[in-house]
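Heads up, final_9.tsv below (TSV, N, CA and C atoms):
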chain	number	residue	atom	x	y	z
A	100	MET	N	12.58	-15.85	4.88
A	100	MET	CA	11.21	-15.56	5.29
A	100	MET	C	10.60	-14.58	4.29
A	101	SER	N	9.37	-14.82	3.94
A	101	SER	CA	8.72	-13.95	2.97
A	101	SER	C	8.30	-12.62	3.61
A	102	GLN	N	8.00	-11.67	2.77
A	102	GLN	CA	7.61	-10.35	3.24
A	102	GLN	C	6.09	-10.23	3.20
A	103	ALA	N	5.54	-9.46	4.13
A	103	ALA	CA	4.10	-9.27	4.20
A	103	ALA	C	3.61	-8.53	2.95
A	104	MET	N	2.43	-8.91	2.50
A	104	MET	CA	1.83	-8.28	1.33
A	104	MET	C	1.01	-7.07	1.76
A	105	GLU	N	0.97	-6.07	0.91
A	105	GLU	CA	0.13	-4.89	1.14
A	105	GLU	C	-1.29	-5.19	0.66
A	106	LYS	N	-2.24	-4.37	1.10
A	106	LYS	CA	-3.64	-4.59	0.77
A	106	LYS	C	-3.87	-4.67	-0.74
A	107	ARG	N	-3.29	-3.77	-1.51
A	107	ARG	CA	-3.49	-3.75	-2.96
A	107	ARG	C	-2.89	-4.99	-3.63
A	108	GLN	N	-1.80	-5.52	-3.08
A	108	GLN	CA	-1.22	-6.74	-3.62
A	108	GLN	C	-2.16	-7.92	-3.39
A	109	ILE	N	-2.75	-7.98	-2.21
A	109	ILE	CA	-3.70	-9.04	-1.88
A	109	ILE	C	-4.91	-8.94	-2.81
A	110	GLN	N	-5.41	-7.72	-2.97
A	110	GLN	CA	-6.56	-7.48	-3.83
A	110	GLN	C	-6.26	-7.91	-5.27
A	111	ALA	N	-5.08	-7.57	-5.76
A	111	ALA	CA	-4.69	-7.94	-7.13
A	111	ALA	C	-4.64	-9.46	-7.30
A	112	ARG	N	-4.09	-10.16	-6.31
A	112	ARG	CA	-4.02	-11.62	-6.37
A	112	ARG	C	-5.41	-12.24	-6.36
A	113	LEU	N	-6.33	-11.68	-5.57
A	113	LEU	CA	-7.70	-12.18	-5.56
A	113	LEU	C	-8.34	-11.99	-6.94
A	114	ILE	N	-8.13	-10.83	-7.53
A	114	ILE	CA	-8.70	-10.55	-8.86
A	114	ILE	C	-8.12	-11.51	-9.89
A	115	GLU	N	-6.82	-11.81	-9.80
A	115	GLU	CA	-6.19	-12.77	-10.70
A	115	GLU	C	-6.87	-14.15	-10.59
A	116	ASN	N	-7.40	-14.44	-9.40
A	116	ASN	CA	-8.08	-15.71	-9.15
A	116	ASN	C	-9.58	-15.60	-9.36
A	117	GLY	N	-10.03	-14.51	-9.99
A	117	GLY	CA	-11.45	-14.33	-10.29
A	117	GLY	C	-12.30	-14.01	-9.09
A	118	SER	N	-11.71	-13.37	-8.09
A	118	SER	CA	-12.44	-13.07	-6.87
A	118	SER	C	-12.15	-11.64	-6.43
A	119	ASN	N	-12.74	-11.25	-5.34
A	119	ASN	CA	-12.44	-9.98	-4.68
A	119	ASN	C	-12.74	-10.18	-3.20
A	120	PHE	N	-12.55	-9.15	-2.40
A	120	PHE	CA	-12.76	-9.32	-0.95
A	120	PHE	C	-14.19	-9.76	-0.63
A	121	ARG	N	-15.17	-9.14	-1.29
A	121	ARG	CA	-16.57	-9.47	-1.02
A	121	ARG	C	-16.90	-10.92	-1.41
A	122	GLN	N	-16.51	-11.31	-2.62
A	122	GLN	CA	-16.79	-12.67	-3.07
A	122	GLN	C	-16.07	-13.70	-2.21
A	123	PHE	N	-14.83	-13.39	-1.84
A	123	PHE	CA	-14.08	-14.29	-0.95
A	123	PHE	C	-14.83	-14.47	0.36
A	124	ALA	N	-15.26	-13.36	0.96
A	124	ALA	CA	-15.95	-13.40	2.25
A	124	ALA	C	-17.21	-14.26	2.17
A	125	ILE	N	-18.03	-14.01	1.19
A	125	ILE	CA	-19.30	-14.73	1.07
A	125	ILE	C	-19.05	-16.22	0.82
A	126	SER	N	-18.11	-16.55	-0.04
A	126	SER	CA	-17.85	-17.95	-0.36
A	126	SER	C	-17.21	-18.73	0.80
A	127	HIS	N	-16.58	-18.00	1.73
A	127	HIS	CA	-15.94	-18.67	2.87
A	127	HIS	C	-16.71	-18.49	4.18
A	128	GLY	N	-17.90	-17.88	4.11
A	128	GLY	CA	-18.73	-17.75	5.30
A	128	GLY	C	-18.36	-16.61	6.23
A	129	TYR	N	-17.64	-15.62	5.72
A	129	TYR	CA	-17.27	-14.46	6.52
A	129	TYR	C	-18.13	-13.27	6.12
A	130	GLU	N	-18.24	-12.31	7.01
A	130	GLU	CA	-18.90	-11.04	6.69
A	130	GLU	C	-17.95	-10.22	5.83
A	131	PRO	N	-18.43	-9.69	4.70
A	131	PRO	CA	-17.54	-8.91	3.83
A	131	PRO	C	-16.83	-7.76	4.55
A	132	ARG	N	-17.53	-7.06	5.42
A	132	ARG	CA	-16.92	-5.94	6.14
A	132	ARG	C	-15.80	-6.42	7.07
A	133	THR	N	-16.00	-7.57	7.68
A	133	THR	CA	-14.98	-8.13	8.57
A	133	THR	C	-13.70	-8.44	7.79
A	134	VAL	N	-13.86	-9.02	6.61
A	134	VAL	CA	-12.70	-9.35	5.78
A	134	VAL	C	-11.93	-8.09	5.41
A	135	THR	N	-12.63	-7.05	4.95
A	135	THR	CA	-11.92	-5.82	4.57
A	135	THR	C	-11.25	-5.18	5.78
A	136	GLN	N	-11.88	-5.23	6.94
A	136	GLN	CA	-11.28	-4.66	8.15
A	136	GLN	C	-10.02	-5.43	8.56
A	137	VAL	N	-10.09	-6.75	8.49
A	137	VAL	CA	-8.93	-7.57	8.87
A	137	VAL	C	-7.77	-7.32	7.91
A	138	VAL	N	-8.05	-7.29	6.62
A	138	VAL	CA	-6.99	-7.04	5.65
A	138	VAL	C	-6.41	-5.64	5.85
A	139	GLN	N	-7.28	-4.67	6.05
A	139	GLN	CA	-6.81	-3.29	6.29
A	139	GLN	C	-5.90	-3.22	7.51
A	140	ARG	N	-6.29	-3.94	8.56
A	140	ARG	CA	-5.54	-3.92	9.83
A	140	ARG	C	-4.19	-4.63	9.73
A	141	TRP	N	-4.16	-5.78	9.04
A	141	TRP	CA	-2.97	-6.63	9.10
A	141	TRP	C	-2.08	-6.59	7.87
A	142	ALA	N	-2.56	-6.10	6.74
A	142	ALA	CA	-1.72	-6.06	5.53
A	142	ALA	C	-0.46	-5.23	5.79
A	143	GLY	N	0.67	-5.77	5.38
A	143	GLY	CA	1.93	-5.07	5.56
A	143	GLY	C	2.64	-5.36	6.87
A	144	HIS	N	1.97	-6.06	7.78
A	144	HIS	CA	2.60	-6.39	9.07
A	144	HIS	C	3.39	-7.69	8.95
A	145	ASN	N	4.38	-7.83	9.79
A	145	ASN	CA	5.17	-9.06	9.80
A	145	ASN	C	4.83	-9.97	10.97
A	146	SER	N	3.92	-9.52	11.83
A	146	SER	CA	3.49	-10.36	12.95
A	146	SER	C	2.15	-11.01	12.62
A	147	LEU	N	1.85	-12.10	13.31
A	147	LEU	CA	0.59	-12.81	13.09
A	147	LEU	C	-0.48	-12.33	14.05
A	148	PRO	N	-1.74	-12.28	13.61
A	148	PRO	CA	-2.82	-11.88	14.51
A	148	PRO	C	-3.06	-12.95	15.57
A	149	ARG	N	-3.47	-12.55	16.75
A	149	ARG	CA	-3.77	-13.49	17.82
A	149	ARG	C	-5.22	-13.96	17.79
A	150	GLY	N	-6.08	-13.14	17.21
A	150	GLY	CA	-7.49	-13.49	17.13
A	150	GLY	C	-7.74	-14.62	16.15
A	151	ARG	N	-8.60	-15.56	16.53
A	151	ARG	CA	-8.86	-16.72	15.68
A	151	ARG	C	-9.50	-16.33	14.36
A	152	LEU	N	-10.46	-15.42	14.39
A	152	LEU	CA	-11.16	-15.04	13.17
A	152	LEU	C	-10.20	-14.33	12.21
A	153	SER	N	-9.43	-13.39	12.71
A	153	SER	CA	-8.47	-12.68	11.86
A	153	SER	C	-7.46	-13.66	11.26
A	154	PHE	N	-6.95	-14.56	12.08
A	154	PHE	CA	-5.99	-15.54	11.61
A	154	PHE	C	-6.61	-16.42	10.52
A	155	SER	N	-7.84	-16.88	10.75
A	155	SER	CA	-8.52	-17.75	9.79
A	155	SER	C	-8.75	-17.04	8.46
A	156	ILE	N	-9.19	-15.80	8.51
A	156	ILE	CA	-9.42	-15.04	7.28
A	156	ILE	C	-8.13	-14.90	6.49
A	157	LEU	N	-7.06	-14.50	7.14
A	157	LEU	CA	-5.78	-14.29	6.46
A	157	LEU	C	-5.19	-15.61	5.95
A	158	ARG	N	-5.37	-16.68	6.71
A	158	ARG	CA	-4.89	-18.00	6.28
A	158	ARG	C	-5.68	-18.46	5.04
A	159	ASP	N	-7.01	-18.27	5.07
A	159	ASP	CA	-7.84	-18.69	3.93
A	159	ASP	C	-7.54	-17.88	2.68
A	160	ILE	N	-7.30	-16.58	2.83
A	160	ILE	CA	-6.90	-15.76	1.68
A	160	ILE	C	-5.57	-16.27	1.13
A	161	SER	N	-4.62	-16.55	2.02
A	161	SER	CA	-3.31	-17.04	1.59
A	161	SER	C	-3.43	-18.34	0.81
A	162	ARG	N	-4.28	-19.23	1.28
A	162	ARG	CA	-4.47	-20.51	0.58
A	162	ARG	C	-5.09	-20.28	-0.79
A	163	LEU	N	-6.04	-19.37	-0.88
A	163	LEU	CA	-6.72	-19.11	-2.14
A	163	LEU	C	-5.76	-18.51	-3.18
A	164	ILE	N	-4.95	-17.56	-2.76
A	164	ILE	CA	-4.07	-16.89	-3.72
A	164	ILE	C	-2.73	-17.61	-3.89
A	165	GLY	N	-2.45	-18.59	-3.05
A	165	GLY	CA	-1.23	-19.38	-3.19
A	165	GLY	C	0.03	-18.69	-2.70
A	166	LYS	N	-0.15	-17.69	-1.84
A	166	LYS	CA	1.01	-16.97	-1.29
A	166	LYS	C	0.65	-16.47	0.11
A	167	GLU	N	1.63	-16.50	1.01
A	167	GLU	CA	1.40	-16.02	2.37
A	167	GLU	C	1.20	-14.51	2.37
A	168	VAL	N	0.07	-14.05	2.92
A	168	VAL	CA	-0.15	-12.61	3.03
A	168	VAL	C	0.64	-12.05	4.21
A	169	LEU	N	0.89	-12.88	5.20
A	169	LEU	CA	1.76	-12.55	6.34
A	169	LEU	C	2.78	-13.67	6.48
A	170	PRO	N	4.03	-13.36	6.77
A	170	PRO	CA	5.03	-14.41	6.92
A	170	PRO	C	4.64	-15.40	8.02
A	171	GLY	N	4.62	-16.68	7.68
A	171	GLY	CA	4.33	-17.73	8.64
A	171	GLY	C	2.87	-18.10	8.79
A	172	ILE	N	1.96	-17.46	8.05
A	172	ILE	CA	0.53	-17.71	8.21
A	172	ILE	C	0.15	-19.12	7.75
A	173	LEU	N	0.91	-19.69	6.84
A	173	LEU	CA	0.59	-21.02	6.34
A	173	LEU	C	1.42	-22.13	6.99
A	174	VAL	N	2.28	-21.77	7.93
A	174	VAL	CA	3.11	-22.76	8.61
A	174	VAL	C	2.22	-23.62	9.51
A	175	ASP	N	2.36	-24.93	9.37
A	175	ASP	CA	1.59	-25.86	10.19
A	175	ASP	C	2.14	-25.84	11.61
A	176	PRO	N	1.30	-25.46	12.60
A	176	PRO	CA	1.80	-25.37	13.98
A	176	PRO	C	2.31	-26.70	14.52
A	177	SER	N	1.84	-27.81	13.99
A	177	SER	CA	2.31	-29.10	14.48
A	177	SER	C	3.71	-29.42	13.98
A	178	SER	N	4.19	-28.68	12.97
A	178	SER	CA	5.53	-28.93	12.47
A	178	SER	C	6.60	-28.16	13.24
A	179	LYS	N	6.17	-27.19	14.06
A	179	LYS	CA	7.12	-26.43	14.87
A	179	LYS	C	7.39	-27.20	16.17
A	180	PRO	N	8.63	-27.22	16.61
A	180	PRO	CA	8.89	-27.86	17.90
A	180	PRO	C	8.28	-27.03	19.03
A	181	ASP	N	7.69	-27.71	20.00
A	181	ASP	CA	7.15	-26.95	21.12
A	181	ASP	C	8.27	-26.65	22.12
A	182	GLU	N	7.97	-25.86	23.12
A	182	GLU	CA	9.00	-25.39	24.06
A	182	GLU	C	9.68	-26.54	24.78
A	183	THR	N	8.96	-27.60	25.12
A	183	THR	CA	9.58	-28.70	25.86
A	183	THR	C	10.60	-29.42	24.99
A	184	GLU	N	10.33	-29.55	23.68
A	184	GLU	CA	11.30	-30.19	22.80
A	184	GLU	C	12.56	-29.34	22.69
A	185	VAL	N	12.41	-28.04	22.63
A	185	VAL	CA	13.56	-27.12	22.55
A	185	VAL	C	14.37	-27.22	23.82
A	186	VAL	N	13.72	-27.22	24.98
A	186	VAL	CA	14.42	-27.32	26.26
A	186	VAL	C	15.16	-28.66	26.36
A	187	ASP	N	14.54	-29.74	25.90
A	187	ASP	CA	15.17	-31.04	25.95
A	187	ASP	C	16.45	-31.11	25.10
A	188	GLN	N	16.48	-30.29	24.07
A	188	GLN	CA	17.64	-30.30	23.17
A	188	GLN	C	18.81	-29.51	23.75
A	189	LEU	N	18.57	-28.67	24.75
A	189	LEU	CA	19.63	-27.84	25.30
A	189	LEU	C	20.57	-28.60	26.19

Encoded form using structure tokens:
Amino acid sequence: MSQAMEKRQIQARLIENGSNFRQFAISHGYEPRTVTQVVQRWAGHNSLPRGRLSFSILRDISRLIGKEVLPGILVDPSSKPDETEVVDQL
């Protein structure tokens, strides 16, 4: 499992891709302040946000920079077995 990225690492990856938090926000339809708040709040954590907007922002940043900013943020939920499949296997 990958390790969560810190805010400065995320920022550096955006710059490598010719972007920054503000440009990313505007180009993806987010408020720039919201993006910086979400990154500030979640960078360095190993858990995923429950809020849809926070999750979407972090997922979109991960896709843009080509690396998961939080472990599991790019995992397709349809590829995980649901609880009934796990119970059936027991």

| task | Please provide as a list in words all residues within 7 Å of A:Met104, with the sequence filter that same-chain residues fewer than 4 positions apart are discarded (counting all atoms listed in the file). | result | Gln108, Ile109, Trp141, Ala142, Gly143, His144, Glu167, Val168, Leu169 and Pro170 of chain A

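You can rank A:Phe123, A:Ala111, A:Asp159, A:Ser153 by their closest distance to A:Val138 using only C-alpha atoms, and at the top of that list sits A:Ser153.
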
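The coordinates place atom CA of A:Asp175 at 26.5 Å from atom CA of A:Ile114.
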
| Of the listed residues A:His127, A:Arg112, A:Arg140, A:Arg107, that which approaches A:Ser155 most closely, counting only C-alpha atoms | A:His127

| said: Report, in Å with one decimal, the straight-line distance from atom CA of A:Arg162 to atom CA of A:Leu113. | reply: 10.8 Å

| message | Calculated over only C-alpha atoms, which of the candidates A:Lys106, A:Leu152, A:Thr135, A:Ser161 has the smallest distance to A:Phe120? | response | A:Thr135

| said: Just to confirm, what's the straight-line distance from atom CA of A:Asn145 to atom CA of A:Gln102 in Å (one decimal)? | reply: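 Taking atom CA of A:Asn145 and atom CA of A:Gln102, their separation equals 7.1 Å.
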
| task | Give as JSON, numbers by chain the set of residues within 8 Å of the point (-18.4, -12.1, 5.6), where distances use the file's coordinates and all atoms listed in the file. | result | {"A": [120, 121, 123, 124, 125, 126, 127, 128, 129, 130, 131, 132, 133, 134, 135]}

| For A:Gly171, which of A:Ser146, A:Glu105, A:Ile156, A:Val137 is the closest residue, counting all atoms listed in the file? | A:Ser146

| said: Please extract the residues of chain A with a backbone DSSP assignment of helix (DSSP H, G or I) and present them as a ChimeraX atom specification. | reply: /A:106-115,120-127,131-141,151-164,176-178,182-188

Hey, can you spit out that residue selection with N, CA and C atoms as a short mmCIF file (atom, residue, chain, number, x, y, z; two decimals), keeping the file's coordinate frame?
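File written: again-v5.cif
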data_model
loop_
_atom_site.label_atom_id
_atom_site.label_comp_id
_atom_site.auth_asym_id
_atom_site.auth_seq_id
_atom_site.Cartn_x
_atom_site.Cartn_y
_atom_site.Cartn_z
N LYS A 106 -2.24 -4.37 1.10
CA LYS A 106 -3.64 -4.59 0.77
C LYS A 106 -3.87 -4.67 -0.74
N ARG A 107 -3.29 -3.77 -1.51
CA ARG A 107 -3.49 -3.75 -2.96
C ARG A 107 -2.89 -4.99 -3.63
N GLN A 108 -1.80 -5.52 -3.08
CA GLN A 108 -1.22 -6.74 -3.62
C GLN A 108 -2.16 -7.92 -3.39
N ILE A 109 -2.75 -7.98 -2.21
CA ILE A 109 -3.70 -9.04 -1.88
C ILE A 109 -4.91 -8.94 -2.81
N GLN A 110 -5.41 -7.72 -2.97
CA GLN A 110 -6.56 -7.48 -3.83
C GLN A 110 -6.26 -7.91 -5.27
N ALA A 111 -5.08 -7.57 -5.76
CA ALA A 111 -4.69 -7.94 -7.13
C ALA A 111 -4.64 -9.46 -7.30
N ARG A 112 -4.09 -10.16 -6.31
CA ARG A 112 -4.02 -11.62 -6.37
C ARG A 112 -5.41 -12.24 -6.36
N LEU A 113 -6.33 -11.68 -5.57
CA LEU A 113 -7.70 -12.18 -5.56
C LEU A 113 -8.34 -11.99 -6.94
N ILE A 114 -8.13 -10.83 -7.53
CA ILE A 114 -8.70 -10.55 -8.86
C ILE A 114 -8.12 -11.51 -9.89
N GLU A 115 -6.82 -11.81 -9.80
CA GLU A 115 -6.19 -12.77 -10.70
C GLU A 115 -6.87 -14.15 -10.59
N PHE A 120 -12.55 -9.15 -2.40
CA PHE A 120 -12.76 -9.32 -0.95
C PHE A 120 -14.19 -9.76 -0.63
N ARG A 121 -15.17 -9.14 -1.29
CA ARG A 121 -16.57 -9.47 -1.02
C ARG A 121 -16.90 -10.92 -1.41
N GLN A 122 -16.51 -11.31 -2.62
CA GLN A 122 -16.79 -12.67 -3.07
C GLN A 122 -16.07 -13.70 -2.21
N PHE A 123 -14.83 -13.39 -1.84
CA PHE A 123 -14.08 -14.29 -0.95
C PHE A 123 -14.83 -14.47 0.36
N ALA A 124 -15.26 -13.36 0.96
CA ALA A 124 -15.95 -13.40 2.25
C ALA A 124 -17.21 -14.26 2.17
N ILE A 125 -18.03 -14.01 1.19
CA ILE A 125 -19.30 -14.73 1.07
C ILE A 125 -19.05 -16.22 0.82
N SER A 126 -18.11 -16.55 -0.04
CA SER A 126 -17.85 -17.95 -0.36
C SER A 126 -17.21 -18.73 0.80
N HIS A 127 -16.58 -18.00 1.73
CA HIS A 127 -15.94 -18.67 2.87
C HIS A 127 -16.71 -18.49 4.18
N PRO A 131 -18.43 -9.69 4.70
CA PRO A 131 -17.54 -8.91 3.83
C PRO A 131 -16.83 -7.76 4.55
N ARG A 132 -17.53 -7.06 5.42
CA ARG A 132 -16.92 -5.94 6.14
C ARG A 132 -15.80 -6.42 7.07
N THR A 133 -16.00 -7.57 7.68
CA THR A 133 -14.98 -8.13 8.57
C THR A 133 -13.70 -8.44 7.79
N VAL A 134 -13.86 -9.02 6.61
CA VAL A 134 -12.70 -9.35 5.78
C VAL A 134 -11.93 -8.09 5.41
N THR A 135 -12.63 -7.05 4.95
CA THR A 135 -11.92 -5.82 4.57
C THR A 135 -11.25 -5.18 5.78
N GLN A 136 -11.88 -5.23 6.94
CA GLN A 136 -11.28 -4.66 8.15
C GLN A 136 -10.02 -5.43 8.56
N VAL A 137 -10.09 -6.75 8.49
CA VAL A 137 -8.93 -7.57 8.87
C VAL A 137 -7.77 -7.32 7.91
N VAL A 138 -8.05 -7.29 6.62
CA VAL A 138 -6.99 -7.04 5.65
C VAL A 138 -6.41 -5.64 5.85
N GLN A 139 -7.28 -4.67 6.05
CA GLN A 139 -6.81 -3.29 6.29
C GLN A 139 -5.90 -3.22 7.51
N ARG A 140 -6.29 -3.94 8.56
CA ARG A 140 -5.54 -3.92 9.83
C ARG A 140 -4.19 -4.63 9.73
N TRP A 141 -4.16 -5.78 9.04
CA TRP A 141 -2.97 -6.63 9.10
C TRP A 141 -2.08 -6.59 7.87
N ARG A 151 -8.60 -15.56 16.53
CA ARG A 151 -8.86 -16.72 15.68
C ARG A 151 -9.50 -16.33 14.36
N LEU A 152 -10.46 -15.42 14.39
CA LEU A 152 -11.16 -15.04 13.17
C LEU A 152 -10.20 -14.33 12.21
N SER A 153 -9.43 -13.39 12.71
CA SER A 153 -8.47 -12.68 11.86
C SER A 153 -7.46 -13.66 11.26
N PHE A 154 -6.95 -14.56 12.08
CA PHE A 154 -5.99 -15.54 11.61
C PHE A 154 -6.61 -16.42 10.52
N SER A 155 -7.84 -16.88 10.75
CA SER A 155 -8.52 -17.75 9.79
C SER A 155 -8.75 -17.04 8.46
N ILE A 156 -9.19 -15.80 8.51
CA ILE A 156 -9.42 -15.04 7.28
C ILE A 156 -8.13 -14.90 6.49
N LEU A 157 -7.06 -14.50 7.14
CA LEU A 157 -5.78 -14.29 6.46
C LEU A 157 -5.19 -15.61 5.95
N ARG A 158 -5.37 -16.68 6.71
CA ARG A 158 -4.89 -18.00 6.28
C ARG A 158 -5.68 -18.46 5.04
N ASP A 159 -7.01 -18.27 5.07
CA ASP A 159 -7.84 -18.69 3.93
C ASP A 159 -7.54 -17.88 2.68
N ILE A 160 -7.30 -16.58 2.83
CA ILE A 160 -6.90 -15.76 1.68
C ILE A 160 -5.57 -16.27 1.13
N SER A 161 -4.62 -16.55 2.02
CA SER A 161 -3.31 -17.04 1.59
C SER A 161 -3.43 -18.34 0.81
N ARG A 162 -4.28 -19.23 1.28
CA ARG A 162 -4.47 -20.51 0.58
C ARG A 162 -5.09 -20.28 -0.79
N LEU A 163 -6.04 -19.37 -0.88
CA LEU A 163 -6.72 -19.11 -2.14
C LEU A 163 -5.76 -18.51 -3.18
N ILE A 164 -4.95 -17.56 -2.76
CA ILE A 164 -4.07 -16.89 -3.72
C ILE A 164 -2.73 -17.61 -3.89
N PRO A 176 1.30 -25.46 12.60
CA PRO A 176 1.80 -25.37 13.98
C PRO A 176 2.31 -26.70 14.52
N SER A 177 1.84 -27.81 13.99
CA SER A 177 2.31 -29.10 14.48
C SER A 177 3.71 -29.42 13.98
N SER A 178 4.19 -28.68 12.97
CA SER A 178 5.53 -28.93 12.47
C SER A 178 6.60 -28.16 13.24
N GLU A 182 7.97 -25.86 23.12
CA GLU A 182 9.00 -25.39 24.06
C GLU A 182 9.68 -26.54 24.78
N THR A 183 8.96 -27.60 25.12
CA THR A 183 9.58 -28.70 25.86
C THR A 183 10.60 -29.42 24.99
N GLU A 184 10.33 -29.55 23.68
CA GLU A 184 11.30 -30.19 22.80
C GLU A 184 12.56 -29.34 22.69
N VAL A 185 12.41 -28.04 22.63
CA VAL A 185 13.56 -27.12 22.55
C VAL A 185 14.37 -27.22 23.82
N VAL A 186 13.72 -27.22 24.98
CA VAL A 186 14.42 -27.32 26.26
C VAL A 186 15.16 -28.66 26.36
N ASP A 187 14.54 -29.74 25.90
CA ASP A 187 15.17 -31.04 25.95
C ASP A 187 16.45 -31.11 25.10
N GLN A 188 16.48 -30.29 24.07
CA GLN A 188 17.64 -30.30 23.17
C GLN A 188 18.81 -29.51 23.75
#
